[in-house]
>>> print(open('structure-v1.cif').read())   # mmCIF, C-alpha atoms and all ligand atoms
data_entry
loop_
_atom_site.label_atom_id
_atom_site.label_comp_id
_atom_site.auth_asym_id
_atom_site.auth_seq_id
_atom_site.Cartn_x
_atom_site.Cartn_y
_atom_site.Cartn_z
CA MET A 262 50.16 -31.95 -252.07
CA LEU A 263 48.93 -32.81 -248.58
CA ASN A 264 50.64 -29.78 -247.04
CA SER A 265 49.20 -27.24 -249.41
CA PHE A 266 45.81 -28.96 -249.02
CA LEU A 267 46.00 -28.61 -245.23
CA ASP A 268 47.12 -24.96 -245.47
CA LEU A 269 44.17 -24.11 -247.68
CA ILE A 270 41.69 -25.89 -245.42
CA ASP A 271 43.16 -24.02 -242.46
CA LYS A 272 42.78 -20.73 -244.25
CA LEU A 273 39.18 -21.54 -245.23
CA GLU A 274 38.31 -22.45 -241.65
CA LYS A 275 39.86 -19.27 -240.29
CA ASN A 276 38.51 -16.79 -242.83
CA GLY A 277 35.39 -18.55 -244.13
CA SER A 278 36.67 -17.65 -247.59
CA LEU A 279 39.17 -18.50 -250.30
CA ASP A 280 39.71 -16.93 -253.67
CA THR A 281 38.73 -18.75 -256.85
CA GLU A 282 42.31 -19.84 -257.62
CA GLU A 283 42.63 -21.31 -254.14
CA TYR A 284 39.37 -23.21 -254.53
CA LYS A 285 40.69 -24.58 -257.79
CA GLU A 286 43.90 -25.69 -256.11
CA LEU A 287 41.94 -27.37 -253.33
CA LEU A 288 39.68 -29.18 -255.78
CA LYS A 289 42.67 -30.98 -257.29
CA SER A 290 42.81 -33.08 -254.09
CA TYR A 291 39.42 -34.73 -254.58
CA LYS A 292 40.94 -37.88 -256.05
CA TYR A 293 42.91 -38.70 -252.91
CA PRO A 294 41.09 -40.77 -250.28
CA LYS A 295 43.18 -39.38 -247.43
CA GLU A 296 42.33 -35.78 -248.31
CA ARG A 297 38.67 -36.68 -248.77
CA ASP A 298 38.62 -38.31 -245.33
CA ILE A 299 40.31 -35.35 -243.63
CA LEU A 300 37.81 -32.97 -245.21
CA ALA A 301 34.84 -35.19 -244.34
CA ALA A 302 35.91 -35.44 -240.70
CA LYS A 303 36.15 -31.65 -240.44
CA ALA A 304 32.79 -31.26 -242.18
CA CYS A 305 31.04 -33.68 -239.80
CA GLU A 306 32.55 -31.88 -236.82
CA LYS A 307 31.16 -28.57 -238.12
CA ARG A 308 27.75 -30.09 -238.81
CA LYS A 309 27.59 -31.58 -235.32
CA ALA A 310 28.51 -28.27 -233.66
CA ILE A 311 25.55 -26.57 -235.35
CA TYR A 312 22.89 -29.21 -236.01
CA GLY A 313 23.87 -31.96 -233.55
CA ASP A 314 23.27 -35.52 -234.70
CA ASN A 315 20.18 -34.70 -236.72
CA ILE A 316 19.34 -35.86 -240.20
CA PHE A 317 16.48 -33.75 -241.53
CA ILE A 318 13.95 -35.51 -243.70
CA ARG A 319 11.94 -33.84 -246.41
CA GLY A 320 8.93 -35.22 -248.23
CA LEU A 321 9.45 -34.70 -251.95
CA ILE A 322 6.34 -34.34 -254.11
CA GLU A 323 7.05 -34.10 -257.83
CA ILE A 324 3.85 -32.30 -258.70
CA SER A 325 4.21 -32.27 -262.49
CA ASN A 326 6.63 -33.32 -265.20
CA ILE A 327 5.17 -30.89 -267.73
CA CYS A 328 7.95 -28.46 -268.60
CA GLY A 329 8.15 -25.53 -270.99
CA ASN A 330 11.93 -25.45 -270.77
CA ASP A 331 14.31 -27.44 -272.91
CA CYS A 332 17.40 -27.77 -270.67
CA LEU A 333 19.75 -29.94 -272.67
CA TYR A 334 20.57 -32.31 -269.80
CA CYS A 335 17.09 -32.95 -268.43
CA GLY A 336 14.93 -35.98 -269.19
CA ILE A 337 11.65 -34.08 -268.79
CA ARG A 338 12.70 -31.32 -271.19
CA ARG A 339 9.93 -30.01 -273.40
CA SER A 340 11.14 -31.65 -276.59
CA ASN A 341 11.31 -35.17 -275.15
CA LYS A 342 8.30 -36.80 -276.75
CA ASN A 343 8.84 -40.10 -274.91
CA VAL A 344 7.66 -38.71 -271.58
CA THR A 345 4.12 -39.45 -270.43
CA ARG A 346 3.22 -36.11 -268.94
CA TYR A 347 1.22 -35.72 -265.73
CA LYS A 348 0.03 -33.09 -263.36
CA MET A 349 -1.11 -33.82 -259.81
CA ASP A 350 -4.20 -32.10 -258.55
CA LYS A 351 -4.63 -30.52 -255.15
CA SER A 352 -6.14 -33.64 -253.61
CA ASP A 353 -3.23 -35.81 -254.90
CA ILE A 354 -0.75 -33.37 -253.35
CA LEU A 355 -2.57 -33.17 -250.04
CA SER A 356 -2.78 -36.93 -249.81
CA CYS A 357 1.02 -37.16 -250.36
CA CYS A 358 1.43 -34.66 -247.50
CA GLU A 359 -0.92 -36.72 -245.32
CA ASN A 360 1.12 -39.89 -245.92
CA GLY A 361 4.35 -38.06 -245.16
CA TYR A 362 2.92 -36.42 -242.08
CA CYS A 363 1.93 -39.84 -240.69
CA LEU A 364 5.63 -40.77 -240.82
CA GLY A 365 6.59 -37.56 -238.99
CA ILE A 366 7.76 -35.56 -242.01
CA LYS A 367 7.36 -31.82 -241.46
CA THR A 368 8.70 -30.34 -244.69
CA PHE A 369 7.02 -30.86 -248.02
CA VAL A 370 9.02 -30.04 -251.13
CA LEU A 371 6.87 -29.35 -254.18
CA GLN A 372 9.03 -29.76 -257.25
CA GLY A 373 8.12 -29.73 -260.90
CA GLY A 374 8.70 -28.70 -264.45
CA GLU A 375 8.29 -25.11 -265.42
CA SER A 376 5.08 -24.34 -267.17
CA GLY A 377 1.89 -22.49 -266.78
CA CYS A 378 0.12 -25.74 -265.93
CA PHE A 379 -0.25 -24.44 -262.38
CA ASN A 380 -1.06 -20.74 -262.43
CA ASP A 381 -0.28 -18.57 -259.41
CA ASP A 382 -3.85 -18.74 -258.09
CA VAL A 383 -3.82 -22.54 -258.12
CA LEU A 384 -0.34 -22.77 -256.58
CA CYS A 385 -1.12 -20.23 -253.87
CA ASP A 386 -4.27 -22.17 -253.02
CA ILE A 387 -2.27 -25.43 -252.79
CA VAL A 388 0.39 -23.84 -250.55
CA HIS A 389 -2.26 -22.23 -248.39
CA SER A 390 -4.18 -25.50 -248.05
CA ILE A 391 -1.04 -27.42 -247.01
CA LYS A 392 -0.20 -24.82 -244.38
CA ASP A 393 -3.80 -24.76 -243.18
CA ARG A 394 -3.98 -28.53 -242.79
CA PHE A 395 -0.42 -29.02 -241.47
CA PRO A 396 0.37 -25.79 -239.61
CA ASP A 397 3.50 -27.22 -238.00
CA CYS A 398 5.05 -27.99 -241.42
CA ALA A 399 7.25 -26.05 -243.82
CA VAL A 400 6.60 -25.82 -247.54
CA THR A 401 9.54 -25.69 -249.93
CA LEU A 402 8.96 -24.91 -253.59
CA SER A 403 11.19 -25.91 -256.47
CA LEU A 404 9.28 -24.76 -259.50
CA GLY A 405 11.88 -22.78 -261.37
CA GLU A 406 12.09 -19.21 -262.54
CA LYS A 407 9.16 -16.89 -261.86
CA SER A 408 8.54 -13.16 -261.58
CA TYR A 409 9.15 -11.29 -258.33
CA LYS A 410 5.39 -10.85 -258.05
CA SER A 411 4.72 -14.60 -258.31
CA TYR A 412 7.43 -15.47 -255.80
CA LYS A 413 6.01 -12.87 -253.43
CA ARG A 414 2.45 -14.15 -253.76
CA LEU A 415 3.61 -17.70 -253.03
CA PHE A 416 5.61 -16.50 -250.04
CA ASP A 417 2.60 -14.58 -248.74
CA SER A 418 0.52 -17.76 -249.14
CA GLY A 419 2.84 -19.52 -246.72
CA ALA A 420 5.76 -20.97 -248.72
CA ASP A 421 8.86 -20.95 -246.52
CA ARG A 422 11.71 -22.05 -248.75
CA TYR A 423 12.62 -22.15 -252.45
CA LEU A 424 15.16 -24.34 -254.22
CA LEU A 425 16.60 -23.01 -257.46
CA ARG A 426 20.00 -24.31 -258.46
CA HIS A 427 22.07 -21.70 -260.27
CA GLU A 428 23.37 -24.71 -262.35
CA THR A 429 26.61 -22.94 -263.31
CA ILE A 430 27.86 -19.42 -262.63
CA ASP A 431 29.91 -19.38 -265.82
CA LYS A 432 27.84 -17.71 -268.53
CA THR A 433 29.54 -19.52 -271.41
CA HIS A 434 29.04 -22.86 -269.68
CA TYR A 435 25.39 -21.97 -268.94
CA LYS A 436 24.82 -21.41 -272.66
CA LYS A 437 26.20 -24.86 -273.47
CA LEU A 438 23.66 -26.48 -271.14
CA HIS A 439 20.60 -24.46 -272.04
CA PRO A 440 18.78 -23.42 -275.20
CA GLU A 441 19.06 -19.89 -276.60
CA ASN A 442 15.81 -18.70 -275.10
CA MET A 443 16.85 -19.42 -271.51
CA SER A 444 18.56 -16.60 -269.72
CA TYR A 445 21.42 -16.81 -267.26
CA GLU A 446 20.54 -13.31 -266.05
CA ASN A 447 16.98 -14.35 -265.27
CA ARG A 448 18.19 -17.29 -263.19
CA ILE A 449 20.40 -15.01 -261.10
CA ARG A 450 17.67 -12.38 -260.87
CA SER A 451 15.31 -15.08 -259.60
CA LEU A 452 17.76 -16.15 -256.90
CA ASN A 453 18.24 -12.57 -255.73
CA ASP A 454 14.48 -11.99 -255.66
CA LEU A 455 13.90 -15.13 -253.59
CA LYS A 456 16.41 -14.02 -250.98
CA GLU A 457 15.09 -10.48 -250.89
CA ILE A 458 11.52 -11.68 -250.36
CA GLY A 459 12.63 -13.69 -247.35
CA TYR A 460 12.59 -17.30 -248.52
CA GLN A 461 15.15 -19.69 -247.10
CA THR A 462 16.82 -19.99 -250.47
CA GLY A 463 18.62 -22.97 -251.94
CA SER A 464 21.02 -23.05 -254.84
CA GLY A 465 23.55 -25.48 -256.25
CA PHE A 466 24.71 -27.27 -259.36
CA MET A 467 25.28 -30.61 -261.02
CA VAL A 468 28.71 -32.13 -260.58
CA GLY A 469 30.23 -33.32 -263.84
CA SER A 470 27.76 -31.69 -266.19
CA PRO A 471 28.97 -31.69 -269.81
CA PHE A 472 31.81 -29.20 -270.50
CA GLN A 473 32.33 -28.57 -266.78
CA ASP A 474 35.90 -28.48 -265.42
CA LEU A 475 37.45 -27.59 -262.07
CA ASN A 476 37.64 -23.89 -263.08
CA HIS A 477 33.86 -23.81 -263.36
CA ILE A 478 33.40 -25.54 -260.03
CA ALA A 479 35.85 -23.18 -258.30
CA LYS A 480 33.76 -20.26 -259.59
CA ASP A 481 30.57 -21.99 -258.42
CA LEU A 482 32.05 -22.33 -254.94
CA LYS A 483 33.01 -18.66 -254.89
CA PHE A 484 29.50 -17.73 -255.98
CA LEU A 485 27.96 -19.85 -253.22
CA GLU A 486 30.37 -18.40 -250.66
CA ASP A 487 29.21 -14.89 -251.63
CA PHE A 488 25.51 -15.62 -252.16
CA LYS A 489 25.22 -17.54 -248.87
CA PRO A 490 22.18 -19.68 -249.65
CA GLN A 491 20.52 -21.44 -246.73
CA MET A 492 20.40 -24.70 -248.69
CA VAL A 493 22.83 -26.13 -251.21
CA GLY A 494 21.86 -28.99 -253.51
CA ILE A 495 24.63 -30.63 -255.45
CA GLY A 496 24.37 -33.98 -257.14
CA PRO A 497 26.19 -35.73 -259.95
CA PHE A 498 25.04 -35.18 -263.50
CA ILE A 499 23.55 -38.43 -264.83
CA PRO A 500 22.85 -38.76 -268.53
CA HIS A 501 19.33 -39.35 -269.82
CA LYS A 502 18.88 -41.50 -272.91
CA ASP A 503 16.55 -39.04 -274.68
CA THR A 504 18.85 -36.03 -274.49
CA ILE A 505 21.82 -35.01 -276.61
CA PHE A 506 23.99 -35.73 -273.57
CA ALA A 507 22.92 -39.40 -273.56
CA LYS A 508 26.45 -40.61 -274.25
CA GLU A 509 28.21 -38.27 -271.79
CA GLN A 510 29.92 -39.63 -268.69
CA PRO A 511 28.11 -39.21 -265.37
CA GLY A 512 29.64 -36.99 -262.68
CA SER A 513 32.08 -38.38 -260.14
CA THR A 514 30.86 -39.67 -256.78
CA ASP A 515 34.20 -38.82 -255.16
CA LEU A 516 34.12 -35.25 -256.41
CA THR A 517 30.50 -34.85 -255.26
CA LEU A 518 31.42 -36.10 -251.78
CA PHE A 519 34.48 -33.86 -251.65
CA LEU A 520 32.29 -30.89 -252.59
CA ILE A 521 29.68 -31.70 -249.94
CA SER A 522 32.44 -31.61 -247.32
CA LEU A 523 33.92 -28.43 -248.73
CA LEU A 524 30.55 -26.71 -248.82
CA ARG A 525 30.01 -27.62 -245.17
CA LEU A 526 33.20 -25.69 -244.37
CA ILE A 527 32.28 -22.76 -246.62
CA LEU A 528 28.68 -22.54 -245.37
CA PRO A 529 28.67 -24.38 -242.02
CA ARG A 530 24.97 -23.72 -241.36
CA ALA A 531 23.69 -24.78 -244.76
CA LEU A 532 21.15 -27.54 -245.12
CA ILE A 533 22.85 -29.85 -247.58
CA PRO A 534 21.10 -32.95 -248.93
CA ALA A 535 22.62 -36.27 -249.82
CA THR A 536 20.77 -36.17 -253.11
CA THR A 537 18.76 -38.78 -254.96
CA ALA A 538 21.16 -38.37 -257.89
CA LEU A 539 24.09 -39.31 -255.65
CA ALA A 540 22.18 -42.34 -254.38
CA SER A 541 21.17 -43.26 -257.94
CA LEU A 542 24.79 -43.32 -259.05
CA ASP A 543 26.16 -45.09 -255.98
CA LYS A 544 24.03 -47.55 -254.02
CA ASP A 545 25.50 -46.19 -250.76
CA GLY A 546 25.15 -42.59 -251.89
CA TYR A 547 22.85 -41.45 -249.08
CA LYS A 548 25.14 -42.90 -246.45
CA LYS A 549 28.29 -41.57 -248.10
CA GLY A 550 26.69 -38.12 -248.46
CA ILE A 551 25.85 -38.03 -244.74
CA LYS A 552 29.38 -39.21 -243.88
CA ALA A 553 30.74 -36.36 -246.03
CA GLY A 554 28.80 -33.73 -244.07
CA ALA A 555 25.30 -33.59 -245.60
CA ASN A 556 22.36 -33.37 -243.19
CA VAL A 557 19.22 -33.76 -245.32
CA ILE A 558 17.62 -36.69 -247.12
CA MET A 559 14.51 -36.39 -249.26
CA ILE A 560 11.92 -39.13 -249.35
CA ASN A 561 9.70 -39.34 -252.40
CA LEU A 562 6.05 -39.15 -251.30
CA ALA A 563 4.45 -39.66 -254.69
CA PRO A 564 2.53 -42.90 -255.21
CA GLU A 565 3.10 -45.27 -258.09
CA GLY A 566 1.63 -43.89 -261.27
CA PHE A 567 3.43 -40.58 -260.79
CA LYS A 568 6.99 -41.05 -259.63
CA GLU A 569 8.12 -43.37 -262.43
CA LYS A 570 7.19 -40.59 -264.88
CA TYR A 571 9.56 -38.05 -263.32
CA GLN A 572 12.74 -39.38 -264.91
CA ILE A 573 15.08 -36.43 -265.12
CA TYR A 574 17.97 -38.87 -265.61
CA ASP A 575 18.30 -42.60 -266.28
CA ASP A 576 18.03 -45.23 -263.53
CA LYS A 577 16.65 -42.89 -260.89
CA ILE A 578 16.22 -44.84 -257.64
CA CYS A 579 13.19 -45.20 -255.38
CA VAL A 580 10.86 -45.30 -258.34
CA SER A 581 9.29 -48.56 -257.24
CA GLU A 582 10.14 -48.35 -253.54
CA LYS A 583 7.31 -48.25 -250.99
CA LEU A 584 7.20 -45.12 -248.84
CA ALA A 585 7.59 -47.09 -245.59
CA ASP A 586 10.70 -48.81 -247.00
CA SER A 587 12.28 -45.48 -248.00
CA PHE A 588 11.66 -44.24 -244.48
CA GLU A 589 13.15 -47.38 -242.90
CA ASN A 590 16.19 -47.02 -245.15
CA VAL A 591 16.84 -43.48 -243.89
CA LYS A 592 16.29 -44.64 -240.31
CA SER A 593 18.87 -47.39 -240.69
CA ILE A 594 21.39 -44.95 -242.23
CA ALA A 595 20.88 -42.62 -239.26
CA GLU A 596 21.34 -45.48 -236.79
CA ALA A 597 24.46 -46.77 -238.53
CA GLU A 598 26.01 -43.29 -238.35
CA ASN A 599 25.00 -42.73 -234.70
CA MET A 600 22.67 -40.01 -235.84
CA LYS A 601 18.91 -39.59 -235.58
CA ILE A 602 16.06 -38.48 -237.76
CA ALA A 603 14.83 -35.05 -236.68
CA PHE A 604 11.06 -34.82 -236.52
CA ASP A 605 10.82 -31.07 -236.74
CA ARG A 606 10.71 -28.66 -239.67
CA GLY A 607 14.49 -28.55 -239.83
CA ASP A 608 14.78 -24.85 -240.59
CA TYR A 609 18.06 -23.12 -241.29
CA LYS A 610 19.70 -22.00 -238.06
CA PHE A 611 20.28 -18.31 -238.62
CA ASP A 612 23.27 -16.88 -236.80
CA VAL A 613 21.87 -15.00 -233.79
N1 LIG B 701 12.30 -26.84 -263.01
C1 LIG B 701 12.84 -26.62 -261.72
C2 LIG B 701 14.22 -26.00 -261.78
O1 LIG B 701 14.79 -25.89 -262.86
O2 LIG B 701 14.72 -25.61 -260.72
C3 LIG B 701 12.86 -27.87 -260.86
C4 LIG B 701 12.98 -29.19 -261.54
S1 LIG B 701 14.60 -29.54 -262.20
C5 LIG B 701 14.28 -31.09 -262.95
C6 LIG B 701 15.51 -29.92 -260.72
C7 LIG B 701 17.00 -30.12 -260.88
O3 LIG B 701 17.24 -31.38 -261.49
C8 LIG B 701 17.74 -29.16 -261.74
O4 LIG B 701 18.08 -28.01 -261.02
C9 LIG B 701 18.97 -29.95 -262.20
O5 LIG B 701 20.15 -29.55 -261.52
C10 LIG B 701 18.60 -31.41 -261.87
N2 LIG B 701 18.75 -32.27 -263.06
C11 LIG B 701 18.12 -32.19 -264.24
N3 LIG B 701 18.60 -33.08 -265.11
C12 LIG B 701 19.57 -33.77 -264.46
C13 LIG B 701 20.47 -34.82 -264.85
N4 LIG B 701 20.45 -35.32 -266.07
N5 LIG B 701 21.34 -35.27 -263.91
C14 LIG B 701 21.35 -34.76 -262.67
N6 LIG B 701 20.54 -33.77 -262.27
C15 LIG B 701 19.66 -33.26 -263.15
#
>>> encode(input="structure-v1.cif", output="structure tokens")
Amino acid sequence: MLNSFLDLIDKLEKNGSLDTEEYKELLKSYKYPKERDILAAKACEKRKAIYGDNIFIRGLIEISNICGNDCLYCGIRRSNKNVTRYKMDKSDILSCCENGYCLGIKTFVLQGGESGCFNDDVLCDIVHSIKDRFPDCAVTLSLGEKSYKSYKRLFDSGADRYLLRHETIDKTHYKKLHPENMSYENRIRSLNDLKEIGYQTGSGFMVGSPFQDLNHIAKDLKFLEDFKPQMVGIGPFIPHKDTIFAKEQPGSTDLTLFLISLLRLILPRALIPATTALASLDKDGYKKGIKAGANVIMINLAPEGFKEKYQIYDDKICVSEKLADSFENVKSIAEAENMKIAFDRGDYKFDV
């Protein structure tokens, strides 16, 4: 097992590519600590060569939990009547940015459910106001599928980056996770539009989502290898009590960590977060994610009254944590790993 694992890693490092069957073969090693450690060491070496010892921090602002979509796995899905819905206004959002900026955060990630509750005019005004007030900061949006025209308007208003996980590249699997009226083709079209417009584009998927197996993940890796996103977000699936997947098993921490390392080898320059989902499932998730080759941690900037209402899965962490404590936590992770928090925008380093 170890030999074929090492051969495949060698091949990936040399060619920057494997075929789907080879990815599948490689994935079988995720259960073995030795293989995980070898992969993690290689991933950290790659990260260091490109991004040095930096951990990039992002200020996450969950601007609304109102969602018109009914994704079967998500706690804020439209049909969940147990959610107290909210929508931040521009002054709430700017005050989150202000609090983050005081800590040195220079990327604000505006994430939310998909609905018309913010129309393009309102969103463009918010993006423009953030950039006007914090000109040395980047704005990342994570607001789901939109038309080319809307993405372009937001980009022209100053948005720099967009996160939109593809969720799964297997069409049959996609249909098992989403209702009839959601379209796989539209998700992919959205990702292509974002890249064409010029956003630093992020994609990714949940690890261990219902019905997922290693074949699906191998195909997801091949898709990411080809699509070459600048950011890749992967986190374990965690069930939410008000969804039909309430009784499903959560994703595996070991597999998530293995995938973070593998993605660092496939896309060495990618900005890869140690996600909140990983840290919600494993109390050392942020640290383990960084040790596996991630280089981004998001800090939730929303005040109490908002963040406890954005429960996309059960037992989400940081819901009652004070902002200063979250920041100190990331600082101590960086120190423990002989790394440092980077106080710049933390843009993707394009190959020049
Ligand atoms: N609506 C936007 C979108 O779809 O991109 C942004 C918000 S959505 C809640 C952000 C991400 O949360 C999704 O891409 C999905 O991968 C993740 N997510 C949703 N439910 C989850 C769950 N039960 N466990 C883990 N991650 C989940």
>>> atom_distance(input="structure-v1.cif", atom1="atom CA of Val468 of chain A", atom2="atom CA of Phe498 of chain A")
5.6 Å
>>> residues_near_ligand(input="structure-v1.cif", ligand="ligand LIG 701 (chain B)", cutoff="7 Å", atoms="all atoms listed in the file", output="JSON, numbers by chain")
{"A": [334, 335, 336, 372, 373, 374, 375, 403, 404, 405, 424, 425, 426, 428, 466, 467, 496, 497, 498, 499, 500, 501, 538, 573, 574]}
>>> closest_residue(input="structure-v1.cif", among="A:Glu286, A:Glu406, A:Ala420, A:Leu526", to="Tyr445 of chain A", atoms="only C-alpha atoms")
A:Glu406
>>> closest_residue(input="structure-v1.cif", among="A:Leu364, A:Leu333, A:Ile316, A:Ala555", to="Phe519 of chain A", atoms="all atoms listed in the file")
A:Ala555
>>> closest_residue(input="structure-v1.cif", among="A:Asn561, A:Ser513, A:Asn556, A:Thr368", to="Arg422 of chain A", atoms="only C-alpha atoms")
A:Thr368
>>> atom_distance(input="structure-v1.cif", atom1="atom CA of Cys358 of chain A", atom2="atom CA of Ile391 of chain A")
7.7 Å
>>> axis_aligned_box(input="structure-v1.cif", around="segment 438-454 of chain A", padding_each_side="6 Å", output="lines of an AutoDock Vina configuration file")
center_x = 19.1
center_y = -19.2
center_z = -266.1
size_x = 21.2
size_y = 26.5
size_z = 32.9
>>> atom_distance(input="structure-v1.cif", atom1="atom CA of Ile602 of chain A", atom2="atom CA of Leu516 of chain A")
26.2 Å
>>> closest_residue(input="structure-v1.cif", among="A:Ile299, A:Ala310, A:Ile505, A:Ile449", to="Pro529 of chain A", atoms="only C-alpha atoms")
A:Ala310
>>> closest_atom_pairs(input="structure-v1.cif", of="segment 290-395 of chain A", to="segment 565-568 of chain A", cutoff="10 Å", atoms="only C-alpha atoms", output="CSV")
residue,atom,partner,partner_atom,distance
A:Ile322,CA,A:Lys568,CA,8.7
A:Glu323,CA,A:Lys568,CA,7.2
A:Ile324,CA,A:Phe567,CA,8.6
A:Ser325,CA,A:Phe567,CA,8.5
A:Asn326,CA,A:Phe567,CA,9.1
A:Thr345,CA,A:Phe567,CA,9.7
A:Arg346,CA,A:Phe567,CA,9.3
A:Tyr347,CA,A:Phe567,CA,7.3
A:Lys348,CA,A:Phe567,CA,8.6
A:Met349,CA,A:Phe567,CA,8.2
>>> closest_residue(input="structure-v1.cif", among="A:Pro511, A:Gly546, A:Gly419, A:Gly313", to="Gly607 of chain A", atoms="all atoms listed in the file")
A:Gly313
>>> residues_near_point(input="structure-v1.cif", point="(21.7, -13.2, -266.1)", cutoff="12 Å", atoms="all atoms listed in the file", output="number ranges by chain")
A: 406, 427, 429-433, 435-436, 443-453
>>> closest_residue(input="structure-v1.cif", among="A:Lys407, A:Asp575, A:Gly329, A:Pro564", to="Ile354 of chain A", atoms="all atoms listed in the file")
A:Pro564
>>> residues_around(input="structure-v1.cif", residues="Ile594 of chain A", least_positions_apart="4", cutoff="8 Å", atoms="all atoms listed in the file", output="PyMOL selection string")
chain A and resi 547-548+590+598
>>> residues_around(input="structure-v1.cif", residues="Lys483 of chain A", least_positions_apart="6", cutoff="8 Å", atoms="all atoms listed in the file", output="short mmCIF file (atom, residue, chain, number, x, y, z; two decimals) with C-alpha atoms, in the frame of the given file")
data_model
loop_
_atom_site.label_atom_id
_atom_site.label_comp_id
_atom_site.auth_asym_id
_atom_site.auth_seq_id
_atom_site.Cartn_x
_atom_site.Cartn_y
_atom_site.Cartn_z
CA LEU A 279 39.17 -18.50 -250.30
CA ASP A 280 39.71 -16.93 -253.67
CA THR A 281 38.73 -18.75 -256.85
CA TYR A 284 39.37 -23.21 -254.53
#
>>> residues_around(input="structure-v1.cif", residues="Asp382 of chain A", least_positions_apart="6", cutoff="12 Å", atoms="all atoms listed in the file", output="list of chain:residue names")
A:Val388, A:His389, A:Ser411, A:Tyr412, A:Arg414, A:Leu415, A:Ser418
>>> decode(input="structure-v1.cif", residues="segment 463-477 of chain A", atoms="C-alpha atoms", output="compact mmCIF listing (two decimals), in the first residue's frame")
# COMPACT_ATOMS: atom_id res chain seq x y z
CA GLY A 463 -13.31 29.59 -4.80
CA SER A 464 -14.94 26.21 -5.09
CA GLY A 465 -15.08 23.04 -3.03
CA PHE A 466 -17.36 20.47 -1.47
CA MET A 467 -18.51 18.85 1.73
CA VAL A 468 -16.63 15.75 2.80
CA GLY A 469 -18.92 12.87 3.72
CA SER A 470 -22.14 14.32 2.38
CA PRO A 471 -24.93 11.73 2.15
CA PHE A 472 -24.47 9.19 -0.70
CA GLN A 473 -20.89 10.36 -1.32
CA ASP A 474 -18.18 7.73 -1.85
CA LEU A 475 -14.52 7.84 -2.86
CA ASN A 476 -15.50 7.71 -6.57
CA HIS A 477 -17.33 11.00 -6.17
